[in-house]
Amino acid sequence: MTKNQFVATTIAVLILIGIFMYVGIRNQNSSVSPTPAPSPTTSSNTAESVSDSIIQISYDSSEFGLATNASQMPANSYIPACDPDFEYCFYHIGDAYKGTNFESAGIRVAKLGYTSESQCLGTPPSGFDSSKAPSGTKNGDVYASSEFSNIGDAAAGHYASGDEYRLFLRSNSSCYQFDTRIGETQYANYPAGSIKKFTDSDRSNLNSKLRSIINNISLPKGEANLFPNLAS
């Protein structure tokens, strides 16, 4: 091979190498990056329900916790959200009223031993005499219900307000009791400016949430709105 042929061959090889490198770099720059997998999303639906096969109770788990025995209850209030001996207790959670004289709120669900409709619906709540009659009653095809309004309690600077609902199921002569409660401490007992007041508006708003749970109790065949529509 002559000197000129060697030089020409070398130049040709360098040109080919340059072409290959250019094509490779271009292909690399033009490649499309894979689309990342979408991040998992969490549903905002917090509606849950619980059933004993006879009644079904729906509630918002972002607003209320569920206990099936007293040991599952928060122990941070003088007046608990529910008195003991319950089937279910729906107790208010969250800190919307933190820093106020609000103490607790909840719904207690219990089964009573009454087997007659009149006893179930008409027996006065615990601590009341025979002068305490139902504020209203309601009759359905397979059930009857009553409401005792303004069932309160007080102790050592603490007090509670609420209502009591009774439900009698004629098919099996069973009697249920549902107690709503909002517990508070005496605002006047605190030094001025140390806490905010749990207002009438706060109480009304929270009572509406309790009543909403009561209104959403249903029976196996879909019967709902089982109680007198008295309490707001």
# chains A, B, ... in the order shown; residues from 1 in each chain; ligands from 1

$ residues_around --residues "Ser51 in chain A" --least-positions-apart "6" --cutoff "12 Å" --atoms "only C-alpha atoms" --output "list in words"
Ile57, Ser58, Tyr59, Thr68, Glu87, Tyr88, Val109, Ile217, Ser218, Leu219 and Pro220 of chain A

$ closest_residue --among "A:Pro191, A:Gly183, A:Gly222, A:Gly65" --to "Asp83 in chain A" --atoms "only C-alpha atoms"
A:Gly183

$ residues_around --residues "Arg170 in chain A" --least-positions-apart "3" --cutoff "9 Å" --atoms "only C-alpha atoms" --output "list in words"
Ser116, Glu117, Asp141, Val142, Tyr143, Ala144, Ser173 and Ser174 of chain A

$ closest_atom_pairs --of "range 120-190 of chain A" --to "range 77-80 of chain A" --cutoff "12 Å" --atoms "only C-alpha atoms" --output "JSON lines"
{"residue": "A:Gly152", "atom": "CA", "partner": "A:Ile79", "partner_atom": "CA", "distance": 11.5}
{"residue": "A:Asp153", "atom": "CA", "partner": "A:Ile79", "partner_atom": "CA", "distance": 9.1}
{"residue": "A:Ala154", "atom": "CA", "partner": "A:Ile79", "partner_atom": "CA", "distance": 8.7}
{"residue": "A:Ala155", "atom": "CA", "partner": "A:Ile79", "partner_atom": "CA", "distance": 8.4}
{"residue": "A:Ala156", "atom": "CA", "partner": "A:Tyr78", "partner_atom": "CA", "distance": 9.4}
{"residue": "A:Gly157", "atom": "CA", "partner": "A:Tyr78", "partner_atom": "CA", "distance": 9.7}
{"residue": "A:His158", "atom": "CA", "partner": "A:Ile79", "partner_atom": "CA", "distance": 7.1}
{"residue": "A:Tyr159", "atom": "CA", "partner": "A:Ile79", "partner_atom": "CA", "distance": 7.6}
{"residue": "A:Ala160", "atom": "CA", "partner": "A:Ile79", "partner_atom": "CA", "distance": 7.5}
{"residue": "A:Ser161", "atom": "CA", "partner": "A:Ile79", "partner_atom": "CA", "distance": 10.9}
{"residue": "A:Thr180", "atom": "CA", "partner": "A:Pro80", "partner_atom": "CA", "distance": 11.5}
{"residue": "A:Arg181", "atom": "CA", "partner": "A:Pro80", "partner_atom": "CA", "distance": 8.9}
{"residue": "A:Ile182", "atom": "CA", "partner": "A:Ile79", "partner_atom": "CA", "distance": 9.0}
{"residue": "A:Gly183", "atom": "CA", "partner": "A:Ile79", "partner_atom": "CA", "distance": 6.1}
{"residue": "A:Glu184", "atom": "CA", "partner": "A:Ile79", "partner_atom": "CA", "distance": 7.9}
{"residue": "A:Thr185", "atom": "CA", "partner": "A:Tyr78", "partner_atom": "CA", "distance": 8.8}

$ write_last_selection --atoms "N, CA, C and O atoms" --output "PDB file, in the first residue's frame"
ATOM      1  N   GLY A 152     -80.456  15.153  80.080  1.00  0.00           N
ATOM      2  CA  GLY A 152     -79.180  15.740  80.477  1.00  0.00           C
ATOM      3  C   GLY A 152     -78.584  15.076  81.702  1.00  0.00           C
ATOM      4  O   GLY A 152     -79.187  14.209  82.331  1.00  0.00           O
ATOM      5  N   ASP A 153     -77.370  15.516  82.044  1.00  0.00           N
ATOM      6  CA  ASP A 153     -76.664  14.984  83.202  1.00  0.00           C
ATOM      7  C   ASP A 153     -75.660  16.044  83.635  1.00  0.00           C
ATOM      8  O   ASP A 153     -75.226  16.868  82.821  1.00  0.00           O
ATOM      9  N   ALA A 154     -75.299  16.043  84.908  1.00  0.00           N
ATOM     10  CA  ALA A 154     -74.338  17.029  85.413  1.00  0.00           C
ATOM     11  C   ALA A 154     -73.575  16.447  86.589  1.00  0.00           C
ATOM     12  O   ALA A 154     -74.097  15.612  87.336  1.00  0.00           O
ATOM     13  N   ALA A 155     -72.305  16.884  86.722  1.00  0.00           N
ATOM     14  CA  ALA A 155     -71.491  16.432  87.848  1.00  0.00           C
ATOM     15  C   ALA A 155     -70.249  17.300  87.968  1.00  0.00           C
ATOM     16  O   ALA A 155     -69.481  17.404  87.009  1.00  0.00           O
ATOM     17  N   ALA A 156     -70.086  17.922  89.125  1.00  0.00           N
ATOM     18  CA  ALA A 156     -68.842  18.616  89.497  1.00  0.00           C
ATOM     19  C   ALA A 156     -68.259  19.492  88.394  1.00  0.00           C
ATOM     20  O   ALA A 156     -67.121  19.303  87.966  1.00  0.00           O
ATOM     21  N   GLY A 157     -69.031  20.439  87.928  1.00  0.00           N
ATOM     22  CA  GLY A 157     -68.533  21.365  86.924  1.00  0.00           C
ATOM     23  C   GLY A 157     -68.591  20.842  85.508  1.00  0.00           C
ATOM     24  O   GLY A 157     -68.085  21.480  84.584  1.00  0.00           O
ATOM     25  N   HIS A 158     -69.201  19.701  85.303  1.00  0.00           N
ATOM     26  CA  HIS A 158     -69.358  19.107  83.983  1.00  0.00           C
ATOM     27  C   HIS A 158     -70.850  18.864  83.751  1.00  0.00           C
ATOM     28  O   HIS A 158     -71.596  18.575  84.684  1.00  0.00           O
ATOM     29  N   TYR A 159     -71.272  18.952  82.512  1.00  0.00           N
ATOM     30  CA  TYR A 159     -72.680  18.679  82.207  1.00  0.00           C
ATOM     31  C   TYR A 159     -72.806  18.132  80.793  1.00  0.00           C
ATOM     32  O   TYR A 159     -71.919  18.326  79.948  1.00  0.00           O
ATOM     33  N   ALA A 160     -73.902  17.429  80.563  1.00  0.00           N
ATOM     34  CA  ALA A 160     -74.140  16.819  79.252  1.00  0.00           C
ATOM     35  C   ALA A 160     -75.572  17.079  78.827  1.00  0.00           C
ATOM     36  O   ALA A 160     -76.482  17.180  79.653  1.00  0.00           O
ATOM     37  N   SER A 161     -75.757  17.168  77.529  1.00  0.00           N
ATOM     38  CA  SER A 161     -77.092  17.307  76.954  1.00  0.00           C
ATOM     39  C   SER A 161     -77.257  16.264  75.867  1.00  0.00           C
ATOM     40  O   SER A 161     -76.267  15.789  75.293  1.00  0.00           O
ATOM     41  N   THR A 180     -77.885  10.073  72.369  1.00  0.00           N
ATOM     42  CA  THR A 180     -76.936  11.076  71.894  1.00  0.00           C
ATOM     43  C   THR A 180     -76.473  11.899  73.090  1.00  0.00           C
ATOM     44  O   THR A 180     -77.233  12.141  74.025  1.00  0.00           O
ATOM     45  N   ARG A 181     -75.215  12.311  73.053  1.00  0.00           N
ATOM     46  CA  ARG A 181     -74.672  13.081  74.185  1.00  0.00           C
ATOM     47  C   ARG A 181     -73.620  14.060  73.704  1.00  0.00           C
ATOM     48  O   ARG A 181     -72.780  13.729  72.856  1.00  0.00           O
ATOM     49  N   ILE A 182     -73.669  15.255  74.268  1.00  0.00           N
ATOM     50  CA  ILE A 182     -72.602  16.245  74.115  1.00  0.00           C
ATOM     51  C   ILE A 182     -72.205  16.682  75.511  1.00  0.00           C
ATOM     52  O   ILE A 182     -73.029  17.206  76.268  1.00  0.00           O
ATOM     53  N   GLY A 183     -70.960  16.444  75.874  1.00  0.00           N
ATOM     54  CA  GLY A 183     -70.466  16.785  77.203  1.00  0.00           C
ATOM     55  C   GLY A 183     -69.614  18.043  77.166  1.00  0.00           C
ATOM     56  O   GLY A 183     -68.829  18.260  76.241  1.00  0.00           O
ATOM     57  N   GLU A 184     -69.774  18.866  78.207  1.00  0.00           N
ATOM     58  CA  GLU A 184     -69.032  20.121  78.307  1.00  0.00           C
ATOM     59  C   GLU A 184     -68.596  20.350  79.756  1.00  0.00           C
ATOM     60  O   GLU A 184     -69.164  19.774  80.686  1.00  0.00           O
ATOM     61  N   THR A 185     -67.591  21.201  79.910  1.00  0.00           N
ATOM     62  CA  THR A 185     -67.230  21.687  81.232  1.00  0.00           C
ATOM     63  C   THR A 185     -67.751  23.112  81.374  1.00  0.00           C
ATOM     64  O   THR A 185     -68.012  23.794  80.375  1.00  0.00           O
TER      65      THR A 185
END

$ select_by_dssp --residues "range 36-225 of chain A" --states "strand (DSSP E or B)" --output "ChimeraX atom specification"
/A:47-51,56-60,64-67,88-92,100,102-112,136-139,143-148,153-155,158-161,164-169,174-185,196,218

$ residues_around --residues "Ser149 in chain A" --least-positions-apart "3" --cutoff "8 Å" --atoms "only C-alpha atoms" --output "MDAnalysis selection string"
chainID A and resid 134:135 162:164 231

$ select_by_dssp --residues "range 100-196 of chain A" --states "helix (DSSP H, G or I)" --output "ChimeraX atom specification"
/A:117-122,187-189

$ write_last_selection --atoms "C-alpha atoms" --output "mmCIF file, in the first residue's frame"
data_model
loop_
_atom_site.group_PDB
_atom_site.id
_atom_site.type_symbol
_atom_site.label_atom_id
_atom_site.label_comp_id
_atom_site.auth_asym_id
_atom_site.auth_seq_id
_atom_site.Cartn_x
_atom_site.Cartn_y
_atom_site.Cartn_z
ATOM 1 C CA GLU A 117 -93.770 -2.394 72.488
ATOM 2 C CA SER A 118 -95.280 -0.190 75.191
ATOM 3 C CA GLN A 119 -92.452 -0.899 77.642
ATOM 4 C CA CYS A 120 -89.773 -0.342 75.041
ATOM 5 C CA LEU A 121 -91.147 2.955 73.800
ATOM 6 C CA GLY A 122 -92.621 4.373 77.002
ATOM 7 C CA TYR A 187 -66.886 27.728 80.826
ATOM 8 C CA ALA A 188 -67.194 30.091 83.794
ATOM 9 C CA ASN A 189 -64.826 27.896 85.812
#

$ closest_residue --among "A:Phe227, A:Phe64, A:Phe128, A:Tyr190" --to "Ile107 in chain A" --atoms "only C-alpha atoms"
A:Phe64

$ closest_residue --among "A:Ser53, A:Asn101, A:Asn216, A:Ser131" --to "Thr199 in chain A" --atoms "only C-alpha atoms"
A:Asn101

$ closest_residue --among "A:Ile151, A:Ala67, A:Leu226, A:Leu210" --to "Phe168 in chain A" --atoms "only C-alpha atoms"
A:Leu226

$ closest_residue --among "A:Cys175, A:Val50, A:Ala110, A:Leu66" --to "Ser145 in chain A" --atoms "only C-alpha atoms"
A:Cys175

$ residues_around --residues "Gly99 in chain A" --least-positions-apart "6" --cutoff "9 Å" --atoms "only C-alpha atoms" --output "PyMOL selection string"
chain A and resi 194-198

$ write_last_selection --atoms "all heavy atoms" --output "mmCIF file, in the first residue's frame"
data_model
loop_
_atom_site.group_PDB
_atom_site.id
_atom_site.type_symbol
_atom_site.label_atom_id
_atom_site.label_comp_id
_atom_site.auth_asym_id
_atom_site.auth_seq_id
_atom_site.Cartn_x
_atom_site.Cartn_y
_atom_site.Cartn_z
ATOM 1 N N SER A 194 -58.457 32.077 78.994
ATOM 2 C CA SER A 194 -57.605 30.887 78.940
ATOM 3 C C SER A 194 -58.076 29.879 77.904
ATOM 4 O O SER A 194 -57.275 29.095 77.381
ATOM 5 C CB SER A 194 -57.532 30.226 80.314
ATOM 6 O OG SER A 194 -58.817 29.799 80.736
ATOM 7 N N ILE A 195 -59.363 29.861 77.601
ATOM 8 C CA ILE A 195 -59.914 28.970 76.575
ATOM 9 C C ILE A 195 -60.983 29.730 75.792
ATOM 10 O O ILE A 195 -61.447 30.800 76.205
ATOM 11 C CB ILE A 195 -60.533 27.684 77.176
ATOM 12 C CG1 ILE A 195 -61.744 28.038 78.048
ATOM 13 C CG2 ILE A 195 -59.509 26.878 77.943
ATOM 14 C CD1 ILE A 195 -62.576 26.839 78.431
ATOM 15 N N LYS A 196 -61.377 29.149 74.657
ATOM 16 C CA LYS A 196 -62.495 29.678 73.891
ATOM 17 C C LYS A 196 -63.782 28.986 74.331
ATOM 18 O O LYS A 196 -63.748 27.897 74.908
ATOM 19 C CB LYS A 196 -62.277 29.441 72.393
ATOM 20 C CG LYS A 196 -61.074 30.164 71.827
ATOM 21 C CD LYS A 196 -60.914 29.853 70.334
ATOM 22 C CE LYS A 196 -59.704 30.561 69.768
ATOM 23 N NZ LYS A 196 -59.510 30.258 68.326
ATOM 24 N N LYS A 197 -64.888 29.615 74.059
ATOM 25 C CA LYS A 197 -66.167 29.038 74.453
ATOM 26 C C LYS A 197 -66.701 28.110 73.375
ATOM 27 O O LYS A 197 -66.652 28.420 72.187
ATOM 28 C CB LYS A 197 -67.192 30.137 74.735
ATOM 29 C CG LYS A 197 -68.496 29.604 75.322
ATOM 30 C CD LYS A 197 -69.424 30.733 75.734
ATOM 31 C CE LYS A 197 -70.673 30.171 76.396
ATOM 32 N NZ LYS A 197 -71.602 31.252 76.813
ATOM 33 N N PHE A 198 -67.159 26.945 73.796
ATOM 34 C CA PHE A 198 -67.914 26.036 72.926
ATOM 35 C C PHE A 198 -69.298 26.649 72.782
ATOM 36 O O PHE A 198 -70.097 26.642 73.707
ATOM 37 C CB PHE A 198 -67.973 24.649 73.561
ATOM 38 C CG PHE A 198 -68.695 23.613 72.735
ATOM 39 C CD1 PHE A 198 -68.144 23.138 71.564
ATOM 40 C CD2 PHE A 198 -69.913 23.104 73.163
ATOM 41 C CE1 PHE A 198 -68.801 22.167 70.808
ATOM 42 C CE2 PHE A 198 -70.571 22.136 72.427
ATOM 43 C CZ PHE A 198 -70.018 21.668 71.249
#

$ atom_distance --atom1 "CA of Ala81 in chain A" --atom2 "CA of Ala105 in chain A"
4.7 Å
